[in-house]
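Heads up, final.cif below (mmCIF, C-alpha atoms):
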data_protein
#
loop_
_atom_site.label_atom_id
_atom_site.label_comp_id
_atom_site.auth_asym_id
_atom_site.auth_seq_id
_atom_site.Cartn_x
_atom_site.Cartn_y
_atom_site.Cartn_z
CA MET A 1 -5.32 -7.88 -20.77
CA GLU A 2 -5.77 -11.64 -20.83
CA LEU A 3 -5.27 -13.44 -17.53
CA THR A 4 -4.02 -16.97 -17.07
CA GLU A 5 -6.36 -19.55 -15.59
CA GLU A 6 -4.49 -19.37 -12.27
CA GLN A 7 -4.68 -15.57 -12.18
CA GLN A 8 -8.41 -15.71 -12.83
CA MET A 9 -8.85 -18.24 -10.03
CA VAL A 10 -6.91 -16.09 -7.57
CA ARG A 11 -8.85 -12.97 -8.55
CA ASP A 12 -12.19 -14.75 -8.23
CA MET A 13 -11.23 -16.26 -4.88
CA VAL A 14 -10.21 -12.88 -3.43
CA ARG A 15 -13.27 -11.20 -4.95
CA GLN A 16 -15.58 -13.70 -3.26
CA PHE A 17 -13.73 -13.34 0.03
CA VAL A 18 -14.09 -9.55 -0.14
CA ASP A 19 -17.80 -9.76 -0.86
CA ASP A 20 -18.44 -12.35 1.86
CA GLU A 21 -16.12 -11.18 4.63
CA VAL A 22 -14.37 -7.87 4.02
CA VAL A 23 -17.06 -5.40 2.99
CA GLU A 24 -19.12 -5.60 6.17
CA ALA A 25 -16.04 -5.92 8.40
CA ALA A 26 -14.65 -2.74 6.81
CA ARG A 27 -17.68 -0.73 7.87
CA THR A 28 -17.27 -1.85 11.47
CA ALA A 29 -13.50 -1.34 11.49
CA GLU A 30 -13.76 2.19 10.07
CA LYS A 31 -16.48 3.13 12.53
CA GLU A 32 -14.54 1.80 15.51
CA LYS A 33 -11.14 2.94 14.16
CA THR A 34 -9.66 -0.50 14.77
CA PHE A 35 -7.74 -2.75 12.42
CA PRO A 36 -9.67 -5.97 11.57
CA GLU A 37 -7.20 -8.50 12.95
CA ASP A 38 -9.62 -11.39 12.41
CA ILE A 39 -9.77 -10.58 8.70
CA TRP A 40 -5.97 -10.37 8.65
CA ASP A 41 -5.82 -13.90 10.06
CA GLU A 42 -8.19 -15.03 7.33
CA LEU A 43 -5.87 -13.48 4.74
CA ALA A 44 -3.12 -15.63 6.20
CA GLU A 45 -5.29 -18.74 5.90
CA LEU A 46 -5.70 -17.89 2.21
CA ASP A 47 -1.88 -17.64 1.89
CA LEU A 48 -2.17 -13.96 0.93
CA THR A 49 0.18 -12.72 3.66
CA GLY A 50 2.85 -14.74 1.87
CA LEU A 51 2.32 -13.15 -1.53
CA THR A 52 5.95 -12.01 -1.89
CA THR A 53 7.50 -14.80 0.17
CA PRO A 54 9.52 -17.35 -1.86
CA LYS A 55 8.11 -20.82 -2.31
CA GLU A 56 11.08 -22.38 -0.51
CA TYR A 57 9.79 -20.66 2.63
CA GLY A 58 6.25 -21.82 2.00
CA GLY A 59 5.16 -18.57 0.39
CA PHE A 60 2.80 -17.80 -2.46
CA ASP A 61 5.58 -16.17 -4.51
CA ALA A 62 3.06 -14.36 -6.71
CA ASP A 63 3.93 -12.87 -10.06
CA MET A 64 3.46 -9.11 -10.28
CA LEU A 65 0.15 -9.23 -12.12
CA THR A 66 -1.34 -11.62 -9.57
CA TYR A 67 -0.06 -9.30 -6.83
CA SER A 68 -1.82 -6.42 -8.59
CA LEU A 69 -5.09 -8.37 -8.85
CA VAL A 70 -5.07 -9.19 -5.13
CA ASN A 71 -4.41 -5.58 -4.17
CA GLU A 72 -7.18 -4.35 -6.44
CA GLU A 73 -9.79 -6.71 -5.07
CA LEU A 74 -8.86 -6.17 -1.41
CA ALA A 75 -8.96 -2.39 -1.81
CA ARG A 76 -12.37 -2.67 -3.42
CA GLY A 77 -13.53 -3.91 -0.05
CA HIS A 78 -11.22 -2.07 2.36
CA LEU A 79 -8.29 0.15 1.45
CA ALA A 80 -6.83 0.07 4.97
CA LEU A 81 -6.61 -3.72 4.83
CA ALA A 82 -5.04 -3.73 1.37
CA THR A 83 -2.48 -1.10 2.41
CA ALA A 84 -1.49 -3.06 5.51
CA LEU A 85 -0.94 -6.15 3.37
CA SER A 86 1.08 -4.34 0.70
CA VAL A 87 3.39 -2.87 3.36
CA HIS A 88 3.81 -6.28 4.99
CA CYS A 89 4.70 -7.68 1.56
CA MET A 90 7.21 -4.87 0.96
CA VAL A 91 8.97 -5.98 4.14
CA THR A 92 9.07 -9.64 3.11
CA SER A 93 10.38 -8.48 -0.28
CA CYS A 94 13.19 -6.58 1.45
CA ILE A 95 14.14 -9.58 3.60
CA ARG A 96 13.93 -11.83 0.56
CA GLN A 97 16.12 -9.58 -1.58
CA PHE A 98 18.59 -8.14 0.91
CA GLY A 99 18.53 -10.39 3.97
CA SER A 100 21.06 -13.07 4.81
CA GLU A 101 20.13 -16.72 4.72
CA SER A 102 19.80 -16.77 8.51
CA GLN A 103 17.54 -13.71 8.44
CA ARG A 104 15.35 -15.25 5.76
CA ASP A 105 15.15 -18.46 7.78
CA ARG A 106 14.24 -16.57 10.93
CA TRP A 107 11.57 -14.22 9.58
CA LEU A 108 10.03 -15.39 6.32
CA PRO A 109 8.28 -18.65 7.36
CA ASN A 110 6.30 -16.91 10.11
CA MET A 111 5.70 -13.72 8.12
CA ARG A 112 4.23 -15.94 5.43
CA ASP A 113 1.61 -16.85 8.03
CA GLY A 114 0.85 -13.22 8.77
CA ARG A 115 2.70 -12.81 12.03
CA PRO A 116 5.11 -11.21 12.70
CA VAL A 117 3.71 -8.22 10.85
CA GLY A 118 6.09 -5.98 8.91
CA ALA A 119 6.49 -2.18 8.79
CA PHE A 120 8.51 -0.04 6.38
CA ALA A 121 10.18 3.01 7.97
CA LEU A 122 11.44 5.50 5.39
CA SER A 123 9.59 8.82 5.82
CA GLU A 124 10.31 11.29 8.60
CA PRO A 125 8.56 14.43 9.90
CA ASP A 126 10.89 16.61 7.80
CA ALA A 127 11.80 14.13 5.07
CA GLY A 128 8.94 12.84 2.97
CA SER A 129 9.20 13.30 -0.78
CA ASN A 130 12.98 13.69 -0.43
CA PRO A 131 14.12 10.86 1.86
CA ALA A 132 17.78 11.86 1.37
CA GLU A 133 17.07 14.58 3.93
CA MET A 134 16.40 12.03 6.68
CA THR A 135 18.12 12.59 10.01
CA THR A 136 17.67 9.18 11.64
CA GLU A 137 21.16 7.87 12.34
CA ALA A 138 22.58 4.38 12.90
CA VAL A 139 26.12 4.62 14.30
CA ARG A 140 28.42 1.60 14.42
CA ASP A 141 29.55 0.67 17.92
CA GLY A 142 31.58 -2.52 17.89
CA ASN A 143 29.31 -5.37 16.82
CA GLU A 144 26.17 -3.22 17.05
CA PHE A 145 24.49 -0.21 15.52
CA VAL A 146 22.97 2.44 17.79
CA ILE A 147 19.89 4.04 16.24
CA ASN A 148 18.41 7.44 17.05
CA GLY A 149 15.65 9.30 15.22
CA THR A 150 11.95 9.44 14.40
CA LYS A 151 10.02 7.92 11.51
CA GLN A 152 6.52 9.06 10.55
CA TRP A 153 3.49 7.76 8.62
CA ILE A 154 4.34 4.16 9.48
CA THR A 155 1.61 1.77 8.37
CA ASN A 156 1.37 -1.16 10.81
CA GLY A 157 3.32 1.00 13.25
CA GLU A 158 1.67 -0.36 16.39
CA ARG A 159 0.94 -3.91 15.27
CA ALA A 160 4.25 -4.60 13.52
CA ASP A 161 6.88 -6.92 14.97
CA VAL A 162 9.70 -6.24 12.51
CA VAL A 163 10.70 -2.96 10.87
CA ILE A 164 12.69 -2.30 7.73
CA LEU A 165 14.51 0.92 8.67
CA PHE A 166 16.40 3.40 6.54
CA ALA A 167 18.96 5.50 8.39
CA LYS A 168 22.22 7.35 7.76
CA THR A 169 25.39 5.97 9.27
CA ASP A 170 26.59 9.60 9.38
CA SER A 171 23.86 12.23 9.77
CA ASN A 172 26.12 14.82 8.09
CA ASP A 173 26.65 12.71 4.98
CA PRO A 174 23.61 12.35 2.68
CA ASP A 175 25.31 9.48 0.86
CA THR A 176 25.27 7.11 3.84
CA VAL A 177 21.60 6.04 3.85
CA THR A 178 21.58 2.34 4.68
CA GLN A 179 18.89 -0.31 5.14
CA PHE A 180 18.50 -2.21 8.42
CA LEU A 181 16.26 -4.87 9.90
CA VAL A 182 15.01 -3.91 13.37
CA PRO A 183 12.97 -6.25 15.56
CA LYS A 184 10.17 -4.17 17.04
CA ASP A 185 10.81 -5.42 20.58
CA THR A 186 14.32 -3.93 20.57
CA ASP A 187 14.91 -1.74 23.62
CA GLY A 188 14.64 1.91 22.63
CA VAL A 189 12.09 1.34 19.84
CA ASN A 190 8.86 3.03 20.83
CA VAL A 191 5.54 3.71 19.13
CA GLY A 192 4.70 7.41 19.03
CA LYS A 193 1.42 9.11 18.30
CA HIS A 194 -1.32 7.50 16.25
CA GLU A 195 -2.19 9.73 13.32
CA GLU A 196 -5.72 11.14 13.11
CA LYS A 197 -6.42 10.92 9.39
CA MET A 198 -9.11 12.12 7.03
CA GLY A 199 -9.62 8.60 5.73
CA MET A 200 -8.38 5.05 6.37
CA LYS A 201 -9.59 5.27 9.96
CA ALA A 202 -8.89 1.58 10.54
CA SER A 203 -5.29 1.83 9.37
CA ASP A 204 -2.66 1.55 12.10
CA THR A 205 -0.58 4.62 11.23
CA THR A 206 1.94 5.90 13.79
CA THR A 207 5.32 7.45 14.36
CA LEU A 208 8.20 5.24 15.46
CA LYS A 209 10.86 6.62 17.77
CA PHE A 210 14.36 5.20 18.14
CA ASP A 211 16.17 6.18 21.32
CA ASN A 212 19.63 4.56 21.49
CA ALA A 213 18.12 1.37 20.08
CA ARG A 214 20.84 -1.25 19.60
CA ILE A 215 20.73 -3.92 16.91
CA PRO A 216 23.35 -6.50 15.90
CA ALA A 217 25.64 -5.38 13.09
CA GLU A 218 24.46 -8.33 10.99
CA ASN A 219 21.04 -6.62 10.78
CA GLN A 220 22.54 -4.22 8.24
CA LEU A 221 20.85 -5.23 4.98
CA THR A 222 22.69 -3.11 2.42
CA ASP A 223 26.13 -1.65 2.08
CA VAL A 224 26.53 1.84 3.50
CA GLY A 225 25.00 4.34 1.10
CA ARG A 226 22.99 1.76 -0.85
CA GLY A 227 19.82 2.15 1.20
CA LEU A 228 17.97 4.60 -1.02
CA LYS A 229 18.62 2.53 -4.14
CA ALA A 230 17.18 -0.46 -2.31
CA ALA A 231 14.19 1.58 -1.13
CA PHE A 232 13.42 2.87 -4.61
CA SER A 233 13.65 -0.66 -6.01
CA ILE A 234 11.12 -1.94 -3.49
CA LEU A 235 8.92 1.15 -3.86
CA ASN A 236 8.66 0.52 -7.60
CA GLY A 237 6.67 -2.63 -6.91
CA GLY A 238 4.87 -0.79 -4.13
CA ARG A 239 3.67 1.81 -6.60
CA VAL A 240 2.14 -0.89 -8.76
CA ALA A 241 0.36 -2.11 -5.62
CA ILE A 242 -0.94 1.37 -4.79
CA ALA A 243 -2.10 1.86 -8.37
CA SER A 244 -3.96 -1.44 -8.08
CA GLN A 245 -5.53 -0.35 -4.81
CA ALA A 246 -6.60 2.94 -6.39
CA VAL A 247 -8.31 0.97 -9.15
CA GLY A 248 -10.07 -1.09 -6.49
CA VAL A 249 -11.38 1.98 -4.66
CA ALA A 250 -12.49 3.52 -7.95
CA GLN A 251 -14.29 0.33 -8.94
CA ALA A 252 -16.10 0.18 -5.60
CA ALA A 253 -17.24 3.79 -6.01
CA LEU A 254 -18.34 3.12 -9.59
CA ASP A 255 -20.25 -0.03 -8.61
CA ASP A 256 -22.15 1.83 -5.88
CA ALA A 257 -22.91 4.74 -8.18
CA ILE A 258 -24.29 2.44 -10.89
CA GLU A 259 -26.44 0.57 -8.39
CA TYR A 260 -27.79 3.77 -6.91
CA ALA A 261 -28.46 5.34 -10.32
CA ASN A 262 -30.46 2.29 -11.37
CA ASP A 263 -32.54 2.34 -8.18
CA ARG A 264 -33.06 6.04 -7.48
CA GLU A 265 -36.02 7.63 -9.24
CA GLN A 266 -36.44 11.34 -9.92
CA PHE A 267 -38.78 13.04 -12.37
CA GLY A 268 -40.55 9.75 -13.04
CA THR A 269 -37.58 7.60 -14.04
CA GLU A 270 -34.38 6.08 -12.70
CA ILE A 271 -31.68 8.74 -12.63
CA ILE A 272 -29.39 6.68 -14.88
CA ASN A 273 -31.80 7.61 -17.67
CA HIS A 274 -31.03 11.29 -17.22
CA GLN A 275 -28.33 12.29 -19.67
CA ALA A 276 -26.19 14.13 -17.12
CA ILE A 277 -25.98 11.06 -14.88
CA GLY A 278 -25.62 8.52 -17.68
CA GLN A 279 -22.73 10.42 -19.25
CA LYS A 280 -21.04 10.88 -15.90
CA LEU A 281 -21.19 7.13 -15.33
CA ALA A 282 -19.84 6.52 -18.84
CA ASP A 283 -16.83 8.74 -18.08
CA MET A 284 -16.27 6.95 -14.77
CA GLN A 285 -16.42 3.51 -16.39
CA THR A 286 -13.95 4.54 -19.10
CA ASP A 287 -11.48 6.07 -16.65
CA VAL A 288 -11.55 3.06 -14.31
CA GLN A 289 -10.89 0.65 -17.15
CA ALA A 290 -8.09 2.85 -18.51
CA ALA A 291 -6.48 2.97 -15.05
CA ARG A 292 -6.82 -0.80 -14.71
CA LEU A 293 -5.15 -1.53 -18.05
CA LEU A 294 -2.35 0.95 -17.35
CA THR A 295 -1.78 -0.75 -13.99
CA TYR A 296 -1.79 -4.26 -15.43
CA ASP A 297 0.68 -3.10 -18.07
CA ALA A 298 2.97 -1.74 -15.35
CA ALA A 299 2.69 -5.01 -13.45
CA LYS A 300 3.75 -7.00 -16.52
CA LYS A 301 6.63 -4.62 -17.28
CA ASN A 302 7.94 -4.87 -13.73
CA GLU A 303 7.80 -8.66 -13.54
CA ASN A 304 11.43 -9.44 -14.37
CA SER A 305 12.95 -5.97 -14.47
CA VAL A 306 12.39 -2.46 -13.17
CA ASP A 307 10.29 -0.10 -15.29
CA ALA A 308 9.95 2.98 -13.09
CA MET A 309 8.19 5.00 -15.78
CA ALA A 310 5.43 2.41 -16.21
CA ALA A 311 4.96 2.13 -12.44
CA SER A 312 4.83 5.90 -12.01
CA MET A 313 2.35 6.37 -14.86
CA ALA A 314 0.09 3.73 -13.38
CA LYS A 315 0.34 5.12 -9.86
CA TYR A 316 -0.26 8.70 -11.02
CA PHE A 317 -3.20 8.00 -13.33
CA ALA A 318 -4.93 5.39 -11.18
CA SER A 319 -4.73 7.43 -7.98
CA GLU A 320 -6.04 10.59 -9.62
CA THR A 321 -8.78 8.49 -11.22
CA ALA A 322 -9.76 7.11 -7.80
CA VAL A 323 -10.18 10.64 -6.45
CA ASN A 324 -12.21 11.80 -9.43
CA VAL A 325 -14.44 8.71 -9.61
CA ALA A 326 -15.10 8.77 -5.87
CA ASP A 327 -16.01 12.46 -6.17
CA ASP A 328 -18.42 11.70 -9.01
CA ALA A 329 -19.92 8.78 -7.08
CA VAL A 330 -20.74 11.11 -4.19
CA GLN A 331 -22.33 13.51 -6.66
CA VAL A 332 -24.46 10.75 -8.19
CA HIS A 333 -25.74 9.92 -4.71
CA GLY A 334 -26.61 13.56 -4.06
CA GLY A 335 -27.16 14.35 -0.39
CA TYR A 336 -26.97 10.68 0.53
CA GLY A 337 -23.40 10.57 -0.76
CA TYR A 338 -22.42 13.00 1.97
CA ALA A 339 -23.84 10.77 4.70
CA LYS A 340 -22.01 7.94 6.43
CA ASP A 341 -24.91 5.61 5.70
CA PHE A 342 -23.40 5.09 2.24
CA ASP A 343 -19.94 3.71 1.53
CA VAL A 344 -19.14 6.30 -1.14
CA GLU A 345 -18.49 8.82 1.63
CA ARG A 346 -15.63 6.59 2.83
CA TYR A 347 -14.31 5.97 -0.68
CA TYR A 348 -14.17 9.74 -1.18
CA ARG A 349 -12.05 10.20 1.97
CA ASP A 350 -9.88 7.14 1.36
CA ALA A 351 -9.12 7.79 -2.30
CA LYS A 352 -7.09 10.93 -1.64
CA ILE A 353 -4.30 9.11 0.17
CA THR A 354 -3.48 7.09 -2.95
CA THR A 355 -2.25 10.33 -4.57
CA ILE A 356 0.10 10.94 -1.64
CA TYR A 357 1.71 7.85 -0.09
CA GLU A 358 4.59 5.99 -1.73
CA GLY A 359 5.27 9.08 -3.82
CA THR A 360 2.87 11.95 -4.49
CA SER A 361 1.35 12.54 -7.91
CA GLU A 362 3.84 15.38 -8.34
CA ILE A 363 6.75 13.01 -7.66
CA GLN A 364 5.33 10.49 -10.16
CA LYS A 365 5.13 13.18 -12.83
CA LYS A 366 8.72 14.17 -12.06
CA ILE A 367 9.83 10.56 -12.58
CA ILE A 368 7.87 10.28 -15.83
CA ALA A 369 9.33 13.55 -17.14
CA ARG A 370 12.84 12.46 -16.25
CA HIS A 371 12.44 9.31 -18.32
CA LEU A 372 11.22 11.33 -21.28
CA LYS A 373 14.61 13.05 -21.39
CA GLU A 374 16.58 9.80 -21.55
#
Go ahead and render the structure in this file as structure tokens.
Amino acid sequence: MELTEEQQMVRDMVRQFVDDEVVEAARTAEKEKTFPEDIWDELAELDLTGLTTPKEYGGFDADMLTYSLVNEELARGHLALATALSVHCMVTSCIRQFGSESQRDRWLPNMRDGRPVGAFALSEPDAGSNPAEMTTEAVRDGNEFVINGTKQWITNGERADVVILFAKTDSNDPDTVTQFLVPKDTDGVNVGKHEEKMGMKASDTTTLKFDNARIPAENQLTDVGRGLKAAFSILNGGRVAIASQAVGVAQAALDDAIEYANDREQFGTEIINHQAIGQKLADMQTDVQAARLLTYDAAKKNENSVDAMAASMAKYFASETAVNVADDAVQVHGGYGYAKDFDVERYYRDAKITTIYEGTSEIQKKIIARHLKE
């Protein structure tokens, strides 16, 4: 797909930044299990934390394809960093689309600069793929809402300052899911356990607990019962972002496998010359490019309207491709691929999450199948 001159410039700028700053920082961050806040601040200096912030608030206001390109390149260097940014941008998108003028004035100019950081609280311990089963409740009490419940798998959970929360106004009525804006420093909002994950060790992933947390009534962002529709609208763009990140992880794994295959000698020649390895790399290259084009197509189709089928196809195919390509990259490296001395070991662990968060592969196939019946 042909890129505009501006899109090429943005891609090249982020690619250079990743090569110069992110790749090495990612190794340290994953080893120490700490989020690279200094790199986050550099993202802000590049205006990337304002990707989905409107220009009238000083934001980048990127088109969907540019947003995809940024996510792809960042994930090529560090998936945890790219995921943190995409969640932050989901929050600014929510405030942009559903917030009042005063809320946009209060939050967006600073969020454009990277702080406050945003978190998106939809999933719960017993409500993941089916968020309608959530039990978190926000009950109206005069000019306030009182919130009780627990949210899980919250990216930026510890470091966030503002949370987009989805809760029922009546826990017994599944049709009352509503969207709220909750400042993180609200009394009764507490960070729970930090998740110990297979991959994305540097990602700040926690539970959030709400214990009689009170917020002003004006922090209600959607009408009662319109929360899930709002969430699915935002998640549609999020799925394009995750597809892009999956392409980035797959490309990183492919790049490392090609480099290793051209350097490693066995039986008197570089292993890329052995048919089994050469054909494996050919399959990897083809699948990565197919995932990329499917993702770019979804980005274009979701620019001015919602195309859930395109987003789900991209998310499904790209994430499964990331898993398969990372697996093959480990295999190309042989025993070294299983050691932490090589980045492909991390790509292998990180890739799997792209098939799970923001809708599992099974959920994406369900969405695609549903559209085939229409």
Let me know the residues the PyMOL selection byres ((chain A and resi 104-117) around 6) catches in the file above, as a PDB file with C-alpha atoms, in the frame of the given file.
ATOM      1  CA  ALA A  44      -3.120 -15.630   6.200  1.00  0.00           C
ATOM      2  CA  THR A  49       0.180 -12.720   3.660  1.00  0.00           C
ATOM      3  CA  GLY A  50       2.850 -14.740   1.870  1.00  0.00           C
ATOM      4  CA  TYR A  57       9.790 -20.660   2.630  1.00  0.00           C
ATOM      5  CA  GLY A  59       5.160 -18.570   0.390  1.00  0.00           C
ATOM      6  CA  GLU A 101      20.130 -16.720   4.720  1.00  0.00           C
ATOM      7  CA  SER A 102      19.800 -16.770   8.510  1.00  0.00           C
ATOM      8  CA  GLN A 103      17.540 -13.710   8.440  1.00  0.00           C
ATOM      9  CA  GLY A 118       6.090  -5.980   8.910  1.00  0.00           C
ATOM     10  CA  ALA A 160       4.250  -4.600  13.520  1.00  0.00           C
ATOM     11  CA  ASP A 161       6.880  -6.920  14.970  1.00  0.00           C
TER      12      ASP A 161
END
- Task: Go through A:Glu195, A:Ile215, A:Ser203, A:Ala167 one by one, measure the shortest atom-to-atom distance of each to Glu32 in chain A using only C-alpha atoms, and give the residue with the smallest value.
- Result: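 Of all the options, A:Ser203 lies closest to Glu32 in chain A.
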- Message: Taking all atoms listed in the file into account, name the residue in A:Thr295, A:Asn190, A:Gln266, A:Thr52 that is nearest to Tyr67 in chain A.
- Response: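 Under the stated criterion, the closest residue is A:Thr52.
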- From A:Asp256, A:Glu73, A:Asp307, A:Glu37, residue lying nearest Met284 in chain A [all atoms listed in the file]: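 Among the listed residues, the smallest separation from Met284 in chain A belongs to A:Asp256.
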Counting all atoms listed in the file, which residues of range 177-218 of chain A sit at most 12 Å from some atom of range 230-236 of chain A, and what is each one's closest atom pair with its distance in Å to one decimal, listed by chain and rising residue number, as CSV?
residue,atom,partner,partner_atom,distance
A:Val177,CA,A:Ala231,CA,10.0
A:Thr178,CA,A:Ala230,CA,8.7
A:Gln179,CA,A:Ala230,CA,7.6
A:Phe180,CA,A:Ala230,CA,11.0
Residues from last step as file, C-alpha atoms, as a short mmCIF file (atom, residue, chain, number, x, y, z; two decimals), in the coordinates of the input:
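Below you can see result37.cif, which holds the result:
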data_model
loop_
_atom_site.label_atom_id
_atom_site.label_comp_id
_atom_site.auth_asym_id
_atom_site.auth_seq_id
_atom_site.Cartn_x
_atom_site.Cartn_y
_atom_site.Cartn_z
CA VAL A 177 21.60 6.04 3.85
CA THR A 178 21.58 2.34 4.68
CA GLN A 179 18.89 -0.31 5.14
CA PHE A 180 18.50 -2.21 8.42
#
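With distances restricted to all atoms listed in the file, A:Glu158 is the closest residue to Lys193 in chain A from A:Gly227, A:Glu158, A:Asp170, A:Asp175.
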- Message: Given the PyMOL selection byres ((chain A and resi 192) around 10) and the file above, list the residues it selects as a VMD selection string.
- Response: chain A and resid 150 to 152 157 to 158 189 to 191 193 to 195 205 to 210
- Would you mind listing what lies within 9 Å of Glu218 in chain A as a VMD selection string, with only C-alpha atoms counted and same-chain residues fewer than 5 positions away left out? chain A and resid 100 143 to 144 180 to 181
- Message: I need the output of the PyMOL selection byres ((chain A and resi 125) around 12) for this file as a list in words; which residues are they?
- Response: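 For this structure, the PyMOL selection byres ((chain A and resi 125) around 12) captures Ala121, Leu122, Ser123, Glu124, Asp126, Ala127, Gly128, Ser129, Asn130, Pro131, Glu133, Met134, Thr135, Thr136, Gly149, Thr150, Lys151, Gln152, Trp153, Ile154, Thr206, Thr207, Leu208 and Lys209 of chain A.
Candidate residues A:Ser361, A:Asn273, A:Asn262, A:Thr222 were compared for distance to Phe98 in chain A, and the nearest is A:Thr222, using all atoms listed in the file.
Atom pair CA of Thr269 in chain A / CA of Tyr336 in chain A: separated by 18.3 Å.
Among the candidate residues A:Gly142, A:Gly278, A:Gly268, A:Gly238, the one lying nearest to Lys315 in chain A is A:Gly238, with distances computed using only C-alpha atoms.
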Can you fill out range 305-325 of chain A with N, CA and C atoms and hand it back as a PDB file, in the frame of the given file?
ATOM      1  N   SER A 305      12.041  -7.110 -14.445  1.00  0.00           N
ATOM      2  CA  SER A 305      12.950  -5.970 -14.470  1.00  0.00           C
ATOM      3  C   SER A 305      12.242  -4.775 -13.872  1.00  0.00           C
ATOM      4  N   VAL A 306      12.965  -3.667 -13.742  1.00  0.00           N
ATOM      5  CA  VAL A 306      12.390  -2.460 -13.170  1.00  0.00           C
ATOM      6  C   VAL A 306      12.029  -1.493 -14.284  1.00  0.00           C
ATOM      7  N   ASP A 307      10.766  -1.113 -14.344  1.00  0.00           N
ATOM      8  CA  ASP A 307      10.290  -0.100 -15.290  1.00  0.00           C
ATOM      9  C   ASP A 307       9.623   0.991 -14.466  1.00  0.00           C
ATOM     10  N   ALA A 308      10.440   1.931 -13.993  1.00  0.00           N
ATOM     11  CA  ALA A 308       9.950   2.980 -13.090  1.00  0.00           C
ATOM     12  C   ALA A 308       8.937   3.876 -13.778  1.00  0.00           C
ATOM     13  N   MET A 309       9.113   4.126 -15.068  1.00  0.00           N
ATOM     14  CA  MET A 309       8.190   5.000 -15.780  1.00  0.00           C
ATOM     15  C   MET A 309       6.799   4.370 -15.838  1.00  0.00           C
ATOM     16  N   ALA A 310       6.729   3.089 -16.149  1.00  0.00           N
ATOM     17  CA  ALA A 310       5.430   2.410 -16.210  1.00  0.00           C
ATOM     18  C   ALA A 310       4.752   2.404 -14.843  1.00  0.00           C
ATOM     19  N   ALA A 311       5.528   2.142 -13.787  1.00  0.00           N
ATOM     20  CA  ALA A 311       4.960   2.130 -12.440  1.00  0.00           C
ATOM     21  C   ALA A 311       4.465   3.504 -12.035  1.00  0.00           C
ATOM     22  N   SER A 312       5.229   4.536 -12.374  1.00  0.00           N
ATOM     23  CA  SER A 312       4.830   5.900 -12.010  1.00  0.00           C
ATOM     24  C   SER A 312       3.608   6.355 -12.798  1.00  0.00           C
ATOM     25  N   MET A 313       3.535   6.007 -14.079  1.00  0.00           N
ATOM     26  CA  MET A 313       2.350   6.370 -14.860  1.00  0.00           C
ATOM     27  C   MET A 313       1.112   5.714 -14.298  1.00  0.00           C
ATOM     28  N   ALA A 314       1.233   4.444 -13.939  1.00  0.00           N
ATOM     29  CA  ALA A 314       0.090   3.730 -13.380  1.00  0.00           C
ATOM     30  C   ALA A 314      -0.329   4.333 -12.049  1.00  0.00           C
ATOM     31  N   LYS A 315       0.641   4.583 -11.181  1.00  0.00           N
ATOM     32  CA  LYS A 315       0.340   5.120  -9.860  1.00  0.00           C
ATOM     33  C   LYS A 315      -0.293   6.508  -9.975  1.00  0.00           C
ATOM     34  N   TYR A 316       0.262   7.340 -10.832  1.00  0.00           N
ATOM     35  CA  TYR A 316      -0.260   8.700 -11.020  1.00  0.00           C
ATOM     36  C   TYR A 316      -1.678   8.673 -11.575  1.00  0.00           C
ATOM     37  N   PHE A 317      -1.885   7.966 -12.665  1.00  0.00           N
ATOM     38  CA  PHE A 317      -3.200   8.000 -13.330  1.00  0.00           C
ATOM     39  C   PHE A 317      -4.260   7.303 -12.496  1.00  0.00           C
ATOM     40  N   ALA A 318      -3.928   6.146 -11.940  1.00  0.00           N
ATOM     41  CA  ALA A 318      -4.930   5.390 -11.180  1.00  0.00           C
ATOM     42  C   ALA A 318      -5.338   6.126  -9.911  1.00  0.00           C
ATOM     43  N   SER A 319      -4.386   6.737  -9.221  1.00  0.00           N
ATOM     44  CA  SER A 319      -4.730   7.430  -7.980  1.00  0.00           C
ATOM     45  C   SER A 319      -5.573   8.672  -8.247  1.00  0.00           C
ATOM     46  N   GLU A 320      -5.232   9.423  -9.277  1.00  0.00           N
ATOM     47  CA  GLU A 320      -6.040  10.590  -9.620  1.00  0.00           C
ATOM     48  C   GLU A 320      -7.426  10.152 -10.095  1.00  0.00           C
ATOM     49  N   THR A 321      -7.490   9.028 -10.792  1.00  0.00           N
ATOM     50  CA  THR A 321      -8.780   8.490 -11.220  1.00  0.00           C
ATOM     51  C   THR A 321      -9.628   8.104 -10.010  1.00  0.00           C
ATOM     52  N   ALA A 322      -9.014   7.496  -9.008  1.00  0.00           N
ATOM     53  CA  ALA A 322      -9.760   7.110  -7.800  1.00  0.00           C
ATOM     54  C   ALA A 322     -10.393   8.320  -7.145  1.00  0.00           C
ATOM     55  N   VAL A 323      -9.644   9.408  -7.050  1.00  0.00           N
ATOM     56  CA  VAL A 323     -10.180  10.640  -6.450  1.00  0.00           C
ATOM     57  C   VAL A 323     -11.352  11.171  -7.264  1.00  0.00           C
ATOM     58  N   ASN A 324     -11.178  11.232  -8.569  1.00  0.00           N
ATOM     59  CA  ASN A 324     -12.210  11.800  -9.430  1.00  0.00           C
ATOM     60  C   ASN A 324     -13.471  10.924  -9.472  1.00  0.00           C
ATOM     61  N   VAL A 325     -13.287   9.626  -9.543  1.00  0.00           N
ATOM     62  CA  VAL A 325     -14.440   8.710  -9.610  1.00  0.00           C
ATOM     63  C   VAL A 325     -15.187   8.709  -8.277  1.00  0.00           C
TER      64      VAL A 325
END
